[in-house]
Amino acid sequence: MAGRMLLFVGVFLLLHAAFSATQHRSFVKLAARPFTSLPLDIVLQCLVALAVSCVGVVRTTVKLREIKATSESFARTFDTVGNCNSFYAFRHRGRVLFGTERKDRSSLSKRTLSVTDGDE
């Protein structure tokens, strides 16, 4: 209950600071003075409102519950925990280094060379 009250007060202070800032800005325009910065009391009110709102948000959150591992997790070894299908890679540089890709690459370079020779 105290957290919600702090949050309400913080938001109210922030809205009041915003209203004060717009009022100050319109006063500066009417007085035909250049706008340099907001007065110190409005800046301090914004900072206090931010701090009070943050405390209110932290106090209103529900209590966190403990994460419990299921019986399935106890049966798995460390090596199989990160073993997911999405991490499998079948097209990797091993095919280029040790496989038949070298022959394909040489024929590919000949084809690109012949295409570039024909353009000239």
# chains A, B, ... in the order shown; residues from 1 in each chain; ligands from 1
$ residues_around --residues "Met1 in chain A" --least-positions-apart "6" --cutoff "12 Å" --atoms "only C-alpha atoms" --output "list in words"
Leu7, Phe8, Gly56, Val57, Arg59, Thr60, Thr61 and Val62 of chain A
$ write_last_selection --atoms "N, CA, C and O atoms" --output "CSV table (one decimal), in the first residue's frame"
chain,number,residue,atom,x,y,z
A,7,LEU,N,4.2,5.9,-5.4
A,7,LEU,CA,4.1,6.0,-6.9
A,7,LEU,C,3.1,7.1,-7.3
A,7,LEU,O,3.4,7.9,-8.2
A,8,PHE,N,2.0,7.2,-6.6
A,8,PHE,CA,1.0,8.2,-6.9
A,8,PHE,C,1.6,9.6,-6.6
A,8,PHE,O,1.5,10.5,-7.4
A,56,GLY,N,8.6,4.0,-5.4
A,56,GLY,CA,7.2,3.5,-5.5
A,56,GLY,C,7.1,2.3,-6.4
A,56,GLY,O,6.4,1.3,-6.0
A,57,VAL,N,7.7,2.3,-7.5
A,57,VAL,CA,7.7,1.2,-8.4
A,57,VAL,C,8.3,0.0,-7.8
A,57,VAL,O,7.8,-1.2,-7.9
A,59,ARG,N,8.7,-0.7,-4.7
A,59,ARG,CA,7.9,-1.2,-3.5
A,59,ARG,C,6.6,-1.9,-3.9
A,59,ARG,O,6.0,-2.6,-3.2
A,60,THR,N,6.1,-1.6,-5.1
A,60,THR,CA,4.8,-2.2,-5.5
A,60,THR,C,4.9,-3.5,-6.3
A,60,THR,O,3.9,-4.1,-6.5
A,61,THR,N,6.1,-3.9,-6.6
A,61,THR,CA,6.3,-5.2,-7.3
A,61,THR,C,6.0,-6.3,-6.4
A,61,THR,O,6.1,-6.2,-5.2
A,62,VAL,N,5.5,-7.4,-7.0
A,62,VAL,CA,5.2,-8.6,-6.2
A,62,VAL,C,6.4,-9.3,-5.8
A,62,VAL,O,7.5,-9.1,-6.4
$ closest_residue --among "A:Val55, A:Ala49, A:Ile42, A:Leu64" --to "Arg25 in chain A" --atoms "only C-alpha atoms"
A:Ile42
$ residues_around --residues "Val9 in chain A" --least-positions-apart "2" --cutoff "12 Å" --atoms "only C-alpha atoms" --output "PyMOL selection string"
chain A and resi 2-7+11-16+45+48-57
$ closest_residue --among "A:Arg65, A:Arg33, A:Val28, A:Ala18" --to "Cys46 in chain A" --atoms "only C-alpha atoms"
A:Ala18
$ atom_distance --atom1 "CA of Ala21 in chain A" --atom2 "CA of Phe35 in chain A"
11.5 Å
$ atom_distance --atom1 "CA of Gly94 in chain A" --atom2 "CA of Arg76 in chain A"
29.6 Å
$ decode --residues "range 43-54 of chain A" --atoms "all heavy atoms" --output "mmCIF file, in the first residue's frame"
data_model
loop_
_atom_site.group_PDB
_atom_site.id
_atom_site.type_symbol
_atom_site.label_atom_id
_atom_site.label_comp_id
_atom_site.auth_asym_id
_atom_site.auth_seq_id
_atom_site.Cartn_x
_atom_site.Cartn_y
_atom_site.Cartn_z
ATOM 1 N N VAL A 43 13.901 21.869 -11.682
ATOM 2 C CA VAL A 43 14.812 20.751 -11.930
ATOM 3 C C VAL A 43 14.876 19.843 -10.701
ATOM 4 O O VAL A 43 14.814 18.610 -10.813
ATOM 5 C CB VAL A 43 16.209 21.269 -12.315
ATOM 6 C CG1 VAL A 43 17.204 20.137 -12.401
ATOM 7 C CG2 VAL A 43 16.150 22.035 -13.622
ATOM 8 N N LEU A 44 14.985 20.446 -9.512
ATOM 9 C CA LEU A 44 15.008 19.642 -8.277
ATOM 10 C C LEU A 44 13.691 18.898 -8.068
ATOM 11 O O LEU A 44 13.688 17.749 -7.614
ATOM 12 C CB LEU A 44 15.319 20.533 -7.074
ATOM 13 C CG LEU A 44 16.756 21.045 -6.989
ATOM 14 C CD1 LEU A 44 16.913 21.974 -5.797
ATOM 15 C CD2 LEU A 44 17.726 19.883 -6.888
ATOM 16 N N GLN A 45 12.583 19.522 -8.413
ATOM 17 C CA GLN A 45 11.291 18.857 -8.278
ATOM 18 C C GLN A 45 11.207 17.655 -9.223
ATOM 19 O O GLN A 45 10.673 16.610 -8.848
ATOM 20 C CB GLN A 45 10.161 19.834 -8.568
ATOM 21 C CG GLN A 45 8.792 19.264 -8.288
ATOM 22 C CD GLN A 45 7.692 20.284 -8.503
ATOM 23 O OE1 GLN A 45 7.938 21.401 -8.961
ATOM 24 N NE2 GLN A 45 6.483 19.895 -8.191
ATOM 25 N N CYS A 46 11.751 17.775 -10.411
ATOM 26 C CA CYS A 46 11.781 16.641 -11.343
ATOM 27 C C CYS A 46 12.625 15.497 -10.800
ATOM 28 O O CYS A 46 12.231 14.327 -10.870
ATOM 29 C CB CYS A 46 12.335 17.074 -12.689
ATOM 30 S SG CYS A 46 11.204 18.024 -13.682
ATOM 31 N N LEU A 47 13.778 15.822 -10.248
ATOM 32 C CA LEU A 47 14.651 14.779 -9.709
ATOM 33 C C LEU A 47 14.030 14.087 -8.500
ATOM 34 O O LEU A 47 14.107 12.861 -8.367
ATOM 35 C CB LEU A 47 16.015 15.373 -9.358
ATOM 36 C CG LEU A 47 16.847 15.860 -10.554
ATOM 37 C CD1 LEU A 47 18.130 16.525 -10.067
ATOM 38 C CD2 LEU A 47 17.142 14.716 -11.498
ATOM 39 N N VAL A 48 13.407 14.864 -7.617
ATOM 40 C CA VAL A 48 12.742 14.268 -6.446
ATOM 41 C C VAL A 48 11.564 13.409 -6.895
ATOM 42 O O VAL A 48 11.349 12.304 -6.374
ATOM 43 C CB VAL A 48 12.295 15.378 -5.464
ATOM 44 C CG1 VAL A 48 11.363 14.828 -4.400
ATOM 45 C CG2 VAL A 48 13.507 16.033 -4.822
ATOM 46 N N ALA A 49 10.811 13.887 -7.881
ATOM 47 C CA ALA A 49 9.678 13.112 -8.395
ATOM 48 C C ALA A 49 10.161 11.801 -9.017
ATOM 49 O O ALA A 49 9.533 10.753 -8.830
ATOM 50 C CB ALA A 49 8.902 13.929 -9.413
ATOM 51 N N LEU A 50 11.271 11.842 -9.735
ATOM 52 C CA LEU A 50 11.820 10.633 -10.320
ATOM 53 C C LEU A 50 12.244 9.641 -9.242
ATOM 54 O O LEU A 50 11.960 8.449 -9.326
ATOM 55 C CB LEU A 50 13.006 10.979 -11.223
ATOM 56 C CG LEU A 50 13.706 9.807 -11.873
ATOM 57 C CD1 LEU A 50 12.796 9.150 -12.901
ATOM 58 C CD2 LEU A 50 15.002 10.252 -12.508
ATOM 59 N N ALA A 51 12.913 10.131 -8.209
ATOM 60 C CA ALA A 51 13.361 9.255 -7.127
ATOM 61 C C ALA A 51 12.172 8.644 -6.378
ATOM 62 O O ALA A 51 12.152 7.439 -6.100
ATOM 63 C CB ALA A 51 14.265 10.030 -6.164
ATOM 64 N N VAL A 52 11.178 9.457 -6.067
ATOM 65 C CA VAL A 52 10.007 8.955 -5.353
ATOM 66 C C VAL A 52 9.247 7.947 -6.212
ATOM 67 O O VAL A 52 8.787 6.909 -5.715
ATOM 68 C CB VAL A 52 9.098 10.128 -4.909
ATOM 69 C CG1 VAL A 52 7.767 9.633 -4.376
ATOM 70 C CG2 VAL A 52 9.809 10.966 -3.854
ATOM 71 N N SER A 53 9.134 8.211 -7.509
ATOM 72 C CA SER A 53 8.453 7.276 -8.408
ATOM 73 C C SER A 53 9.202 5.957 -8.512
ATOM 74 O O SER A 53 8.578 4.884 -8.515
ATOM 75 C CB SER A 53 8.307 7.880 -9.796
ATOM 76 O OG SER A 53 7.503 9.015 -9.754
ATOM 77 N N CYS A 54 10.514 6.013 -8.576
ATOM 78 C CA CYS A 54 11.308 4.778 -8.647
ATOM 79 C C CYS A 54 11.146 3.941 -7.382
ATOM 80 O O CYS A 54 10.989 2.718 -7.453
ATOM 81 C CB CYS A 54 12.781 5.099 -8.875
ATOM 82 S SG CYS A 54 13.140 5.650 -10.544
#
